Amino acid sequence: MSAKRKIVVYDTTLRDGTQGPGVSFSAADKERIARLLDGLSFDYVEGGFPGSNPKDEELFARLAEEPLAHARLAAFGATRRAGGRCEHDANLNALIDSKAPVWTLVGKSDTWQVANVLQTTNNENLSMVEESVAYGVGKEREVIFDAELARDSEYAVEVCLSAARAGASWVVLCDTNGGSRPDQVRSGVAAVRKALAEAKSTARVGIHTHNDCELAVANSLEGVMAGADMVQGTINGYGERCGNANLVSVVSNLALKLGVEALPEGSVQRFSELSRTVAEIANLALPVQQPFVGHGAFAHKGGQHVAAVLKHKDAYQHIDPALVGNEARVLVSELSGRGNVLAKAREFGLELDRDDPQTRWLVNHLKELEHQGYAYEAADASFEMLLRRLQPGYAAPWNVADFTTQVRKNGGSVHAEATVKVEVDGTLYHTAASGNGPVNALDAALRKALSPRFPALDDVSLHDYKVRILNGDAGTAATTRVLIESGRDTKRWTTVGCSANIIEASLLALLDSLEFALVDRG
Ligand SMILES: [Zn+2]
């Protein structure tokens, strides 16, 4: 076996990632993510900023009690205050209390910042770096030094050398404001590496980038190509302003494009699951077009592409989606021909014959439905149900015989009630429920009727509900298209319903979703 160069992967989702808009993790969320990353053999997991908030203290306490199996746990902090002493520095002492085996200390490496932000001298800043690193090393901690706004300047190099001299295992160049170009990152990494080599230091170089110019991933790769051995970033690129380097993309590129080892192959194959799970914990939708792991990252539309993809898998995809745990998808649209429909059916494990009259009927039927307002591009599950219902022997699990909804304004509040009659195997179930709106009430009444017979539906939840009015110039007579996103664990599916009536459109989408939840389980 040849020894491949190994890049060390350092995750800061739990600290830098939580600076992102809309990102908030409880201590339990953080622990779940830390253990997920640990399970995928991340080298370092930064838990947070001890002393900054009680959530982080709780997390460090839990991880001290039950340590991570593989990853080294890092606690983040700043170098000591100007003019102060390490022993009296509350921030450094909070790092001791966290019991984390690794300290990641951030310090200034830019003369303008030293003068204007720290309001101290360049020499005092060098002492702050050197003494703080030495303090951690003296407490038998591994110390990683994050050089803030490190540029290819004499002073930045001097700051990094001070940290290395004091015993830092890594000096990490941080493009803190995300404004650097790849060539600047390259020269910055090269300058620090050269200085460390000349000083015969064993400290290694890392790279930490932000995405303000949409260059975070490119800058990370450039840093590695210039000799950095550690990449820092976050899952899904969460982070303040435009985010951090997305480790999912960085590591996928390292492994699949640069051919260097970062995480084990089996970990990269679980990236789609990791990315979606962390998005779910953050309660943020993962963009459909997220590179490598988005649901649309390997989606194909248009007849010609699909035909080519079917013939030669790699004609229109840059990697085999399975390498990152993703899968190719075919988008069905009005423009698509029989090829797309066949490909889509195959995705669901249904073999249709191209020349079968049923296939031709299906294509025409689809066109008719799309003309009515149905859109299947974003509603895979409804399309699958359409195909399944055409299969010989497929029996609908239930039949909605009747429903009513009522909305009442009573004083200041609005109440909705719904009743449904559903037939299952010849038995008629009649239920009623209330809700904050008619669709919510209908959903509740349906579940009440179906749950005793189909307990598998209990863990299905509604995640998103979108209403779109088509041919809007017809006013209230327009067609309403409802898209419902449902889920179970990390799995998501979308269904569509169309009608001149918004309640009926919603019910159709709802019924598709529940029926899909049953067949998908089997
Ligand atoms: Zn940062």
# chains A, B, ... in the order shown; residues from 1 in each chain; ligands from 1
>>> residues_around(residues="A:Arg193", least_positions_apart="6", cutoff="12 Å", atoms="only C-alpha atoms", output="list in words")
Asp152, Val157, Glu158, Cys160, Leu161, Ala164, Trp170, Val171, Val172, Leu173, Arg186, Ser187, Ala199, Lys200, Ser201, Thr202, Ala203, Arg204, Val205, Gly206, Ile207, Gly223, Val224, Ala226, Gly227, Ala228 and Asp229 of chain A
>>> write_last_selection(atoms="C-alpha atoms", output="mmCIF file, in the first residue's frame")
data_model
loop_
_atom_site.group_PDB
_atom_site.id
_atom_site.type_symbol
_atom_site.label_atom_id
_atom_site.label_comp_id
_atom_site.auth_asym_id
_atom_site.auth_seq_id
_atom_site.Cartn_x
_atom_site.Cartn_y
_atom_site.Cartn_z
ATOM 1 C CA ASP A 152 1.034 36.830 3.173
ATOM 2 C CA VAL A 157 4.407 34.913 9.444
ATOM 3 C CA GLU A 158 5.994 36.244 12.630
ATOM 4 C CA CYS A 160 2.544 32.063 13.304
ATOM 5 C CA LEU A 161 6.200 31.445 14.209
ATOM 6 C CA ALA A 164 4.773 27.393 16.731
ATOM 7 C CA TRP A 170 -0.988 23.542 14.049
ATOM 8 C CA VAL A 171 -1.015 27.100 12.756
ATOM 9 C CA VAL A 172 -4.191 27.692 10.805
ATOM 10 C CA LEU A 173 -4.476 30.545 8.338
ATOM 11 C CA ARG A 186 -1.686 29.894 -1.986
ATOM 12 C CA SER A 187 1.049 32.463 -1.311
ATOM 13 C CA ALA A 199 12.794 27.463 11.809
ATOM 14 C CA LYS A 200 12.835 23.617 11.832
ATOM 15 C CA SER A 201 9.406 23.690 13.486
ATOM 16 C CA THR A 202 7.236 20.587 13.618
ATOM 17 C CA ALA A 203 4.029 22.673 13.553
ATOM 18 C CA ARG A 204 1.846 21.980 10.538
ATOM 19 C CA VAL A 205 -0.309 24.364 8.517
ATOM 20 C CA GLY A 206 -4.121 24.430 8.255
ATOM 21 C CA ILE A 207 -6.635 26.512 6.342
ATOM 22 C CA GLY A 223 -4.589 25.833 0.516
ATOM 23 C CA VAL A 224 -4.233 22.036 0.435
ATOM 24 C CA ALA A 226 -0.096 24.747 -1.476
ATOM 25 C CA GLY A 227 0.752 22.366 1.357
ATOM 26 C CA ALA A 228 -1.830 22.888 4.110
ATOM 27 C CA ASP A 229 -2.546 19.566 5.835
#
>>> residues_near_ligand(ligand="ligand 1", cutoff="10 Å", atoms="only C-alpha atoms and all ligand atoms", output="list in words")
Thr12, Arg15, Asp16, Gly17, Gln19, Val106, Asp146, Glu148, Leu149, Cys174, Asp175, Thr176, Asn177, Gly178, His208, Thr209, His210, Asn211, Gln232, Gly233, Thr234, Gly239, Glu240, Gly243, Asn244 and Ala245 of chain A
>>> atom_distance(atom1="atom CA of A:Ile502", atom2="atom CA of A:Arg329")
29.3 Å
>>> residues_around(residues="A:Leu342", least_positions_apart="6", cutoff="9 Å", atoms="only C-alpha atoms", output="list in words")
Leu350, Glu351, Leu352, Asp353, Arg354 and Thr359 of chain A
>>> residues_around(residues="stretch 443-455 of chain A", least_positions_apart="4", cutoff="6 Å", atoms="only C-alpha atoms", output="PyMOL selection string")
chain A and resi 429+431-433
>>> residues_around(residues="A:Asp459", least_positions_apart="3", cutoff="12 Å", atoms="only C-alpha atoms", output="ChimeraX atom specification")
/A:447,451,454-456,462,486-491,514,517-518,521
>>> write_last_selection(atoms="C-alpha atoms", output="mmCIF file, in the first residue's frame")
data_model
loop_
_atom_site.group_PDB
_atom_site.id
_atom_site.type_symbol
_atom_site.label_atom_id
_atom_site.label_comp_id
_atom_site.auth_asym_id
_atom_site.auth_seq_id
_atom_site.Cartn_x
_atom_site.Cartn_y
_atom_site.Cartn_z
ATOM 1 C CA ARG A 447 -55.228 10.320 10.549
ATOM 2 C CA SER A 451 -54.204 5.381 12.291
ATOM 3 C CA PHE A 454 -52.234 1.799 9.532
ATOM 4 C CA PRO A 455 -49.994 2.558 12.542
ATOM 5 C CA ALA A 456 -47.072 3.115 10.120
ATOM 6 C CA LEU A 462 -45.869 17.334 7.409
ATOM 7 C CA SER A 486 -43.805 15.056 4.199
ATOM 8 C CA GLY A 487 -41.176 13.103 6.039
ATOM 9 C CA ARG A 488 -40.209 10.232 8.237
ATOM 10 C CA ASP A 489 -36.797 10.377 9.962
ATOM 11 C CA THR A 490 -34.411 11.894 7.413
ATOM 12 C CA LYS A 491 -36.497 10.793 4.422
ATOM 13 C CA LEU A 514 -50.038 8.993 3.180
ATOM 14 C CA ALA A 517 -45.758 6.424 3.146
ATOM 15 C CA LEU A 518 -47.355 2.965 3.164
ATOM 16 C CA ARG A 521 -42.234 1.234 3.727
#
>>> closest_residue(among="A:Pro291, A:Gly77, A:Gly84, A:Gly167", to="A:Thr104", atoms="only C-alpha atoms")
A:Gly77
>>> residues_around(residues="A:Pro67", least_positions_apart="5", cutoff="12 Å", atoms="only C-alpha atoms", output="NGL selection string")
:A and (31 or 34-35 or 38 or 45 or 47 or 59-62 or 72-74 or 99-101)
>>> atom_distance(atom1="atom CA of A:Gly107", atom2="atom CA of A:Lys139")
19.0 Å
>>> residues_around(residues="stretch 110-123 of chain A", least_positions_apart="5", cutoff="7 Å", atoms="only C-alpha atoms", output="PyMOL selection string")
chain A and resi 82+149-150+155-156
>>> select_by_dssp(residues="stretch 16-139 of chain A", states="alpha helix (DSSP H)", output="short mmCIF file (atom, residue, chain, number, x, y, z; two decimals) with all heavy atoms, in the first residue's frame")
data_model
loop_
_atom_site.label_atom_id
_atom_site.label_comp_id
_atom_site.auth_asym_id
_atom_site.auth_seq_id
_atom_site.Cartn_x
_atom_site.Cartn_y
_atom_site.Cartn_z
N ALA A 27 -28.04 21.96 23.42
CA ALA A 27 -26.89 21.14 23.84
C ALA A 27 -27.07 19.71 23.33
O ALA A 27 -26.11 19.07 22.88
CB ALA A 27 -26.75 21.16 25.35
N ALA A 28 -28.32 19.21 23.35
CA ALA A 28 -28.57 17.84 22.87
C ALA A 28 -28.35 17.74 21.36
O ALA A 28 -27.80 16.75 20.87
CB ALA A 28 -30.00 17.42 23.22
N ASP A 29 -28.77 18.77 20.61
CA ASP A 29 -28.52 18.81 19.16
C ASP A 29 -27.03 18.74 18.89
O ASP A 29 -26.55 18.01 18.02
CB ASP A 29 -29.02 20.12 18.54
CG ASP A 29 -30.54 20.24 18.52
OD1 ASP A 29 -31.21 19.20 18.62
OD2 ASP A 29 -31.04 21.38 18.38
N LYS A 30 -26.30 19.55 19.67
CA LYS A 30 -24.84 19.61 19.46
C LYS A 30 -24.20 18.26 19.73
O LYS A 30 -23.31 17.83 19.00
CB LYS A 30 -24.22 20.67 20.38
CG LYS A 30 -24.49 22.09 19.93
CD LYS A 30 -23.68 23.05 20.78
CE LYS A 30 -23.65 24.43 20.12
NZ LYS A 30 -22.55 25.25 20.60
N GLU A 31 -24.67 17.62 20.78
CA GLU A 31 -24.08 16.31 21.09
C GLU A 31 -24.38 15.32 19.97
O GLU A 31 -23.51 14.53 19.59
CB GLU A 31 -24.62 15.79 22.43
CG GLU A 31 -23.87 14.54 22.86
CD GLU A 31 -24.40 13.90 24.14
OE1 GLU A 31 -25.31 14.48 24.76
OE2 GLU A 31 -23.89 12.82 24.49
N ARG A 32 -25.60 15.39 19.44
CA ARG A 32 -25.98 14.46 18.36
C ARG A 32 -25.07 14.66 17.15
O ARG A 32 -24.59 13.70 16.55
CB ARG A 32 -27.44 14.72 17.99
CG ARG A 32 -28.12 13.52 17.42
CD ARG A 32 -29.58 13.80 17.12
NE ARG A 32 -29.93 13.16 15.86
CZ ARG A 32 -30.98 13.50 15.13
NH1 ARG A 32 -31.76 14.49 15.52
NH2 ARG A 32 -31.23 12.88 14.01
N ILE A 33 -24.83 15.94 16.80
CA ILE A 33 -23.98 16.24 15.64
C ILE A 33 -22.53 15.80 15.92
O ILE A 33 -21.89 15.18 15.08
CB ILE A 33 -24.06 17.74 15.28
CG1 ILE A 33 -25.47 18.07 14.78
CG2 ILE A 33 -23.02 18.09 14.23
CD1 ILE A 33 -25.72 19.55 14.57
N ALA A 34 -22.05 16.09 17.13
CA ALA A 34 -20.68 15.69 17.48
C ALA A 34 -20.51 14.18 17.33
O ALA A 34 -19.52 13.70 16.78
CB ALA A 34 -20.35 16.12 18.91
N ARG A 35 -21.49 13.41 17.76
CA ARG A 35 -21.37 11.95 17.69
C ARG A 35 -21.50 11.45 16.25
O ARG A 35 -20.88 10.46 15.87
CB ARG A 35 -22.38 11.28 18.61
CG ARG A 35 -22.18 11.67 20.08
CD ARG A 35 -22.46 10.58 21.08
NE ARG A 35 -22.34 11.09 22.44
CZ ARG A 35 -21.19 11.13 23.13
NH1 ARG A 35 -20.07 10.65 22.60
NH2 ARG A 35 -21.16 11.63 24.35
N LEU A 36 -22.33 12.16 15.45
CA LEU A 36 -22.43 11.82 14.02
C LEU A 36 -21.07 11.98 13.35
O LEU A 36 -20.61 11.10 12.61
CB LEU A 36 -23.38 12.81 13.33
CG LEU A 36 -24.82 12.43 13.12
CD1 LEU A 36 -25.58 13.63 12.54
CD2 LEU A 36 -24.90 11.26 12.15
N LEU A 37 -20.42 13.13 13.59
CA LEU A 37 -19.13 13.42 12.97
C LEU A 37 -18.08 12.43 13.47
O LEU A 37 -17.25 11.93 12.70
CB LEU A 37 -18.70 14.85 13.30
CG LEU A 37 -19.63 15.96 12.80
CD1 LEU A 37 -19.24 17.31 13.39
CD2 LEU A 37 -19.60 16.03 11.27
N ASP A 38 -18.16 12.11 14.74
CA ASP A 38 -17.24 11.15 15.34
C ASP A 38 -17.40 9.79 14.65
O ASP A 38 -16.42 9.14 14.30
CB ASP A 38 -17.57 11.04 16.84
CG ASP A 38 -16.54 10.21 17.58
OD1 ASP A 38 -15.35 10.29 17.22
OD2 ASP A 38 -16.93 9.50 18.53
N GLY A 39 -18.65 9.42 14.40
CA GLY A 39 -18.93 8.15 13.75
C GLY A 39 -18.39 8.08 12.33
O GLY A 39 -18.16 7.01 11.78
N PRO A 54 -24.12 28.86 28.51
CA PRO A 54 -24.32 27.63 29.29
C PRO A 54 -24.50 26.39 28.43
O PRO A 54 -24.14 25.29 28.86
CB PRO A 54 -25.60 27.92 30.11
CG PRO A 54 -26.14 29.22 29.64
CD PRO A 54 -25.13 29.88 28.77
N LYS A 55 -25.04 26.56 27.18
CA LYS A 55 -25.23 25.40 26.31
C LYS A 55 -23.90 24.73 26.02
O LYS A 55 -23.79 23.51 26.03
CB LYS A 55 -25.84 25.86 24.97
CG LYS A 55 -27.35 25.83 24.94
CD LYS A 55 -27.88 25.86 23.52
CE LYS A 55 -27.87 27.24 22.93
NZ LYS A 55 -28.55 27.35 21.64
N ASP A 56 -22.87 25.56 25.74
CA ASP A 56 -21.57 25.00 25.42
C ASP A 56 -20.96 24.31 26.63
O ASP A 56 -20.33 23.26 26.52
CB ASP A 56 -20.63 26.09 24.88
CG ASP A 56 -20.97 26.46 23.44
OD1 ASP A 56 -21.99 25.94 22.93
OD2 ASP A 56 -20.23 27.26 22.83
N GLU A 57 -21.17 24.91 27.81
CA GLU A 57 -20.65 24.28 29.02
C GLU A 57 -21.29 22.91 29.24
O GLU A 57 -20.63 21.95 29.59
CB GLU A 57 -20.87 25.19 30.23
CG GLU A 57 -19.76 26.22 30.34
CD GLU A 57 -20.18 27.48 31.05
OE1 GLU A 57 -20.86 27.38 32.08
OE2 GLU A 57 -19.82 28.58 30.55
N GLU A 58 -22.62 22.84 28.98
CA GLU A 58 -23.34 21.57 29.14
C GLU A 58 -22.78 20.53 28.17
O GLU A 58 -22.57 19.37 28.53
CB GLU A 58 -24.84 21.82 28.87
CG GLU A 58 -25.72 20.67 29.32
CD GLU A 58 -27.18 20.92 28.96
OE1 GLU A 58 -27.60 22.10 28.89
OE2 GLU A 58 -27.89 19.94 28.73
N LEU A 59 -22.52 20.96 26.92
CA LEU A 59 -21.99 20.03 25.93
C LEU A 59 -20.62 19.50 26.36
O LEU A 59 -20.37 18.29 26.31
CB LEU A 59 -21.87 20.71 24.56
CG LEU A 59 -21.23 19.81 23.49
CD1 LEU A 59 -22.22 18.76 23.00
CD2 LEU A 59 -20.70 20.62 22.33
N PHE A 60 -19.74 20.40 26.78
CA PHE A 60 -18.40 19.94 27.19
C PHE A 60 -18.49 19.00 28.39
O PHE A 60 -17.74 18.03 28.48
CB PHE A 60 -17.49 21.14 27.47
CG PHE A 60 -16.94 21.76 26.21
CD1 PHE A 60 -17.39 23.00 25.78
CD2 PHE A 60 -16.01 21.08 25.44
CE1 PHE A 60 -16.89 23.56 24.60
CE2 PHE A 60 -15.50 21.64 24.26
CZ PHE A 60 -15.95 22.87 23.85
N ALA A 61 -19.44 19.28 29.28
CA ALA A 61 -19.61 18.40 30.45
C ALA A 61 -20.03 17.01 30.00
O ALA A 61 -19.50 15.99 30.46
CB ALA A 61 -20.62 19.00 31.41
N ARG A 62 -21.00 16.96 29.05
CA ARG A 62 -21.46 15.65 28.56
C ARG A 62 -20.35 14.89 27.86
O ARG A 62 -20.22 13.67 28.00
CB ARG A 62 -22.59 15.85 27.54
CG ARG A 62 -23.90 16.23 28.17
CD ARG A 62 -24.96 16.16 27.10
NE ARG A 62 -26.13 16.95 27.46
CZ ARG A 62 -27.34 16.69 26.99
NH1 ARG A 62 -27.54 15.69 26.17
NH2 ARG A 62 -28.35 17.45 27.34
N LEU A 63 -19.55 15.63 27.06
CA LEU A 63 -18.50 14.95 26.30
C LEU A 63 -17.31 14.58 27.18
O LEU A 63 -16.54 13.70 26.84
CB LEU A 63 -18.07 15.81 25.11
CG LEU A 63 -19.14 15.98 24.02
CD1 LEU A 63 -18.64 16.88 22.89
CD2 LEU A 63 -19.57 14.63 23.43
N ALA A 64 -17.18 15.26 28.32
CA ALA A 64 -16.12 14.87 29.25
C ALA A 64 -16.52 13.57 29.94
O ALA A 64 -15.70 12.70 30.21
CB ALA A 64 -15.89 15.97 30.28
N GLU A 65 -17.83 13.43 30.17
CA GLU A 65 -18.35 12.25 30.83
C GLU A 65 -18.26 11.03 29.91
O GLU A 65 -17.88 9.94 30.31
CB GLU A 65 -19.81 12.50 31.18
CG GLU A 65 -20.26 11.91 32.49
CD GLU A 65 -21.60 12.50 32.87
OE1 GLU A 65 -21.64 13.62 33.44
OE2 GLU A 65 -22.61 11.88 32.52
N ALA A 90 -10.02 35.00 32.37
CA ALA A 90 -11.25 34.21 32.57
C ALA A 90 -11.50 33.27 31.39
O ALA A 90 -11.90 32.11 31.56
CB ALA A 90 -12.44 35.15 32.74
N ASN A 91 -11.24 33.77 30.20
CA ASN A 91 -11.48 33.00 28.98
C ASN A 91 -10.56 31.77 28.92
O ASN A 91 -11.01 30.65 28.64
CB ASN A 91 -11.28 34.00 27.82
CG ASN A 91 -11.12 33.35 26.48
OD1 ASN A 91 -11.76 32.35 26.21
ND2 ASN A 91 -10.27 33.92 25.65
N LEU A 92 -9.29 31.96 29.22
CA LEU A 92 -8.37 30.81 29.19
C LEU A 92 -8.70 29.82 30.31
O LEU A 92 -8.60 28.61 30.12
CB LEU A 92 -6.91 31.29 29.31
CG LEU A 92 -6.37 32.04 28.07
CD1 LEU A 92 -4.98 32.59 28.35
CD2 LEU A 92 -6.33 31.12 26.86
N ASN A 93 -9.15 30.35 31.44
CA ASN A 93 -9.49 29.44 32.53
C ASN A 93 -10.77 28.66 32.25
O ASN A 93 -10.92 27.53 32.70
CB ASN A 93 -9.54 30.20 33.85
CG ASN A 93 -8.13 30.61 34.28
OD1 ASN A 93 -7.17 29.87 34.04
ND2 ASN A 93 -7.99 31.79 34.86
N ALA A 94 -11.67 29.24 31.45
CA ALA A 94 -12.87 28.50 31.05
C ALA A 94 -12.47 27.33 30.15
O ALA A 94 -13.11 26.27 30.16
CB ALA A 94 -13.84 29.42 30.31
N LEU A 95 -11.41 27.50 29.39
CA LEU A 95 -10.92 26.40 28.54
C LEU A 95 -10.41 25.25 29.41
O LEU A 95 -10.65 24.08 29.10
CB LEU A 95 -9.80 26.88 27.62
CG LEU A 95 -10.21 27.82 26.48
CD1 LEU A 95 -8.98 28.33 25.74
CD2 LEU A 95 -11.13 27.09 25.51
N ILE A 96 -9.73 25.59 30.50
CA ILE A 96 -9.27 24.54 31.41
C ILE A 96 -10.47 23.78 31.96
O ILE A 96 -10.51 22.56 31.95
CB ILE A 96 -8.44 25.13 32.58
CG1 ILE A 96 -7.21 25.86 32.03
CG2 ILE A 96 -8.05 24.05 33.58
CD1 ILE A 96 -6.37 26.56 33.09
N ASP A 97 -11.48 24.56 32.40
CA ASP A 97 -12.67 23.95 33.01
C ASP A 97 -13.44 23.05 32.05
O ASP A 97 -14.12 22.12 32.48
CB ASP A 97 -13.62 25.03 33.54
CG ASP A 97 -12.98 25.82 34.68
OD1 ASP A 97 -12.02 25.30 35.29
OD2 ASP A 97 -13.42 26.97 34.95
N SER A 98 -13.35 23.34 30.74
CA SER A 98 -14.10 22.53 29.76
C SER A 98 -13.56 21.11 29.67
O SER A 98 -14.22 20.22 29.16
CB SER A 98 -14.01 23.17 28.37
OG SER A 98 -12.75 22.90 27.78
N THR A 111 -1.52 43.74 11.32
CA THR A 111 -1.05 44.91 12.11
C THR A 111 -2.14 45.96 12.29
O THR A 111 -2.23 46.59 13.34
CB THR A 111 0.20 45.55 11.47
OG1 THR A 111 -0.11 45.82 10.10
CG2 THR A 111 1.40 44.63 11.55
N TRP A 112 -2.97 46.14 11.27
CA TRP A 112 -4.04 47.13 11.40
C TRP A 112 -5.00 46.73 12.52
O TRP A 112 -5.41 47.54 13.35
CB TRP A 112 -4.80 47.27 10.07
CG TRP A 112 -5.81 48.38 10.09
CD1 TRP A 112 -5.62 49.68 9.72
CD2 TRP A 112 -7.18 48.28 10.54
NE1 TRP A 112 -6.77 50.40 9.90
CE2 TRP A 112 -7.73 49.59 10.41
CE3 TRP A 112 -7.98 47.25 11.04
CZ2 TRP A 112 -9.07 49.86 10.75
CZ3 TRP A 112 -9.29 47.54 11.39
CH2 TRP A 112 -9.82 48.83 11.25
N GLN A 113 -5.35 45.43 12.55
CA GLN A 113 -6.26 44.92 13.59
C GLN A 113 -5.64 45.04 14.98
O GLN A 113 -6.33 45.35 15.94
CB GLN A 113 -6.58 43.45 13.30
CG GLN A 113 -7.47 43.26 12.10
CD GLN A 113 -8.73 42.50 12.48
OE1 GLN A 113 -8.72 41.68 13.38
NE2 GLN A 113 -9.81 42.80 11.81
N ASN A 122 2.39 45.72 18.27
CA ASN A 122 2.68 44.46 17.58
C ASN A 122 3.43 43.50 18.48
O ASN A 122 3.18 42.29 18.47
CB ASN A 122 3.50 44.73 16.31
CG ASN A 122 2.66 45.40 15.24
OD1 ASN A 122 1.42 45.35 15.30
ND2 ASN A 122 3.30 46.03 14.27
N ASN A 123 4.33 44.03 19.27
CA ASN A 123 5.13 43.17 20.15
C ASN A 123 4.28 42.55 21.26
O ASN A 123 4.44 41.37 21.59
CB ASN A 123 6.30 43.95 20.76
CG ASN A 123 7.48 43.99 19.79
OD1 ASN A 123 7.58 43.13 18.90
ND2 ASN A 123 8.33 44.97 19.94
N GLU A 124 3.37 43.35 21.84
CA GLU A 124 2.50 42.81 22.88
C GLU A 124 1.62 41.71 22.30
O GLU A 124 1.40 40.67 22.94
CB GLU A 124 1.64 43.92 23.50
CG GLU A 124 0.50 43.43 24.43
CD GLU A 124 0.96 42.68 25.69
OE1 GLU A 124 2.16 42.54 25.92
OE2 GLU A 124 0.07 42.20 26.44
N ASN A 125 1.14 41.88 21.07
CA ASN A 125 0.32 40.84 20.44
C ASN A 125 1.13 39.54 20.28
O ASN A 125 0.62 38.44 20.53
CB ASN A 125 -0.22 41.31 19.10
CG ASN A 125 -1.13 40.27 18.45
OD1 ASN A 125 -2.10 39.81 19.06
ND2 ASN A 125 -0.80 39.86 17.23
N LEU A 126 2.39 39.67 19.90
CA LEU A 126 3.25 38.48 19.78
C LEU A 126 3.38 37.77 21.13
O LEU A 126 3.31 36.54 21.20
CB LEU A 126 4.65 38.85 19.25
CG LEU A 126 4.73 39.31 17.78
CD1 LEU A 126 6.15 39.75 17.42
CD2 LEU A 126 4.28 38.19 16.83
N SER A 127 3.52 38.56 22.20
CA SER A 127 3.62 37.95 23.54
C SER A 127 2.30 37.28 23.92
O SER A 127 2.30 36.20 24.54
CB SER A 127 3.94 39.01 24.61
OG SER A 127 5.07 39.74 24.25
N MET A 128 1.19 37.93 23.56
CA MET A 128 -0.13 37.35 23.88
C MET A 128 -0.27 35.98 23.24
O MET A 128 -0.74 35.02 23.88
CB MET A 128 -1.25 38.27 23.37
CG MET A 128 -1.44 39.53 24.19
SD MET A 128 -2.24 40.86 23.26
CE MET A 128 -3.85 40.16 22.96
N VAL A 129 0.16 35.88 21.98
CA VAL A 129 0.06 34.61 21.25
C VAL A 129 0.97 33.57 21.91
O VAL A 129 0.53 32.47 22.27
CB VAL A 129 0.43 34.81 19.76
CG1 VAL A 129 0.58 33.45 19.05
CG2 VAL A 129 -0.62 35.67 19.06
N GLU A 130 2.21 33.96 22.09
CA GLU A 130 3.20 33.01 22.59
C GLU A 130 2.85 32.52 24.00
O GLU A 130 2.85 31.33 24.29
CB GLU A 130 4.59 33.67 22.57
CG GLU A 130 5.70 32.68 22.73
CD GLU A 130 7.04 33.15 22.14
OE1 GLU A 130 7.05 34.14 21.39
OE2 GLU A 130 8.05 32.52 22.44
N GLU A 131 2.49 33.44 24.88
CA GLU A 131 2.19 33.06 26.26
C GLU A 131 0.91 32.23 26.37
O GLU A 131 0.83 31.28 27.15
CB GLU A 131 2.06 34.31 27.14
CG GLU A 131 3.41 34.98 27.40
CD GLU A 131 3.27 36.35 28.06
OE1 GLU A 131 2.22 36.60 28.70
OE2 GLU A 131 4.21 37.15 27.91
N SER A 132 -0.10 32.58 25.57
CA SER A 132 -1.37 31.84 25.66
C SER A 132 -1.19 30.42 25.17
O SER A 132 -1.71 29.46 25.77
CB SER A 132 -2.46 32.54 24.84
OG SER A 132 -2.60 33.88 25.26
N VAL A 133 -0.46 30.26 24.05
CA VAL A 133 -0.21 28.91 23.53
C VAL A 133 0.58 28.12 24.57
O VAL A 133 0.24 26.97 24.90
CB VAL A 133 0.53 28.96 22.17
CG1 VAL A 133 0.98 27.55 21.76
CG2 VAL A 133 -0.36 29.58 21.09
N ALA A 134 1.62 28.75 25.11
CA ALA A 134 2.47 28.06 26.10
C ALA A 134 1.65 27.68 27.34
O ALA A 134 1.87 26.63 27.94
CB ALA A 134 3.64 28.96 26.49
N TYR A 135 0.69 28.51 27.71
CA TYR A 135 -0.17 28.23 28.86
C TYR A 135 -0.94 26.94 28.65
O TYR A 135 -1.00 26.07 29.52
CB TYR A 135 -1.12 29.42 29.07
CG TYR A 135 -1.96 29.36 30.33
CD1 TYR A 135 -1.35 29.31 31.59
CD2 TYR A 135 -3.35 29.38 30.25
CE1 TYR A 135 -2.13 29.28 32.74
CE2 TYR A 135 -4.13 29.35 31.40
CZ TYR A 135 -3.52 29.30 32.64
OH TYR A 135 -4.28 29.27 33.78
N GLY A 136 -1.54 26.80 27.46
CA GLY A 136 -2.29 25.58 27.13
C GLY A 136 -1.38 24.36 27.10
O GLY A 136 -1.71 23.30 27.65
N VAL A 137 -0.21 24.52 26.46
CA VAL A 137 0.73 23.40 26.36
C VAL A 137 1.18 22.98 27.77
O VAL A 137 1.28 21.78 28.08
CB VAL A 137 1.94 23.80 25.47
CG1 VAL A 137 3.03 22.72 25.50
CG2 VAL A 137 1.47 24.02 24.02
N GLY A 138 1.37 23.99 28.64
CA GLY A 138 1.76 23.71 30.03
C GLY A 138 0.68 22.95 30.78
O GLY A 138 0.95 22.24 31.75
#
>>> atom_distance(atom1="atom CA of A:Val260", atom2="atom CA of A:Met230")
12.0 Å
>>> closest_residue(among="A:Gly179, A:Val102, A:Leu369, A:Ser499", to="A:Ile144", atoms="only C-alpha atoms")
A:Val102
>>> select_by_dssp(residues="stretch 12-199 of chain A", states="strand (DSSP E)", output="VMD selection string")
chain A and resid 44 to 48 72 to 78 102 to 108 142 to 148 170 to 175
>>> closest_atom_pairs(of="stretch 265-375 of chain A", to="stretch 381-393 of chain A", cutoff="12 Å", atoms="only C-alpha atoms", output="tab-separated table")
residue	atom	partner	partner_atom	distance
A:Val330	CA	A:Phe383	CA	11.3
A:Leu331	CA	A:Phe383	CA	10.2
A:Val332	CA	A:Phe383	CA	8.5
A:Ser333	CA	A:Phe383	CA	10.9
A:Val341	CA	A:Leu387	CA	9.5
A:Leu342	CA	A:Leu387	CA	10.4
A:Ala343	CA	A:Glu384	CA	11.9
A:Lys344	CA	A:Glu384	CA	8.4
A:Ala345	CA	A:Leu387	CA	7.1
A:Arg346	CA	A:Glu384	CA	10.4
A:Glu347	CA	A:Glu384	CA	9.3
A:Phe348	CA	A:Glu384	CA	6.9
A:Gly349	CA	A:Glu384	CA	10.0
A:Leu350	CA	A:Leu387	CA	8.2
A:Glu351	CA	A:Gln391	CA	10.3
A:Leu352	CA	A:Leu387	CA	9.8
A:Gln358	CA	A:Leu390	CA	8.8
A:Thr359	CA	A:Leu390	CA	10.0
A:Trp361	CA	A:Leu390	CA	10.6
A:Leu362	CA	A:Leu387	CA	8.4
A:Val363	CA	A:Leu387	CA	10.9
A:His365	CA	A:Leu386	CA	10.2
A:Leu366	CA	A:Leu386	CA	9.2
A:Leu369	CA	A:Leu386	CA	10.7
A:Glu370	CA	A:Phe383	CA	11.4
A:Tyr374	CA	A:Ser382	CA	9.8
A:Ala375	CA	A:Phe383	CA	9.3
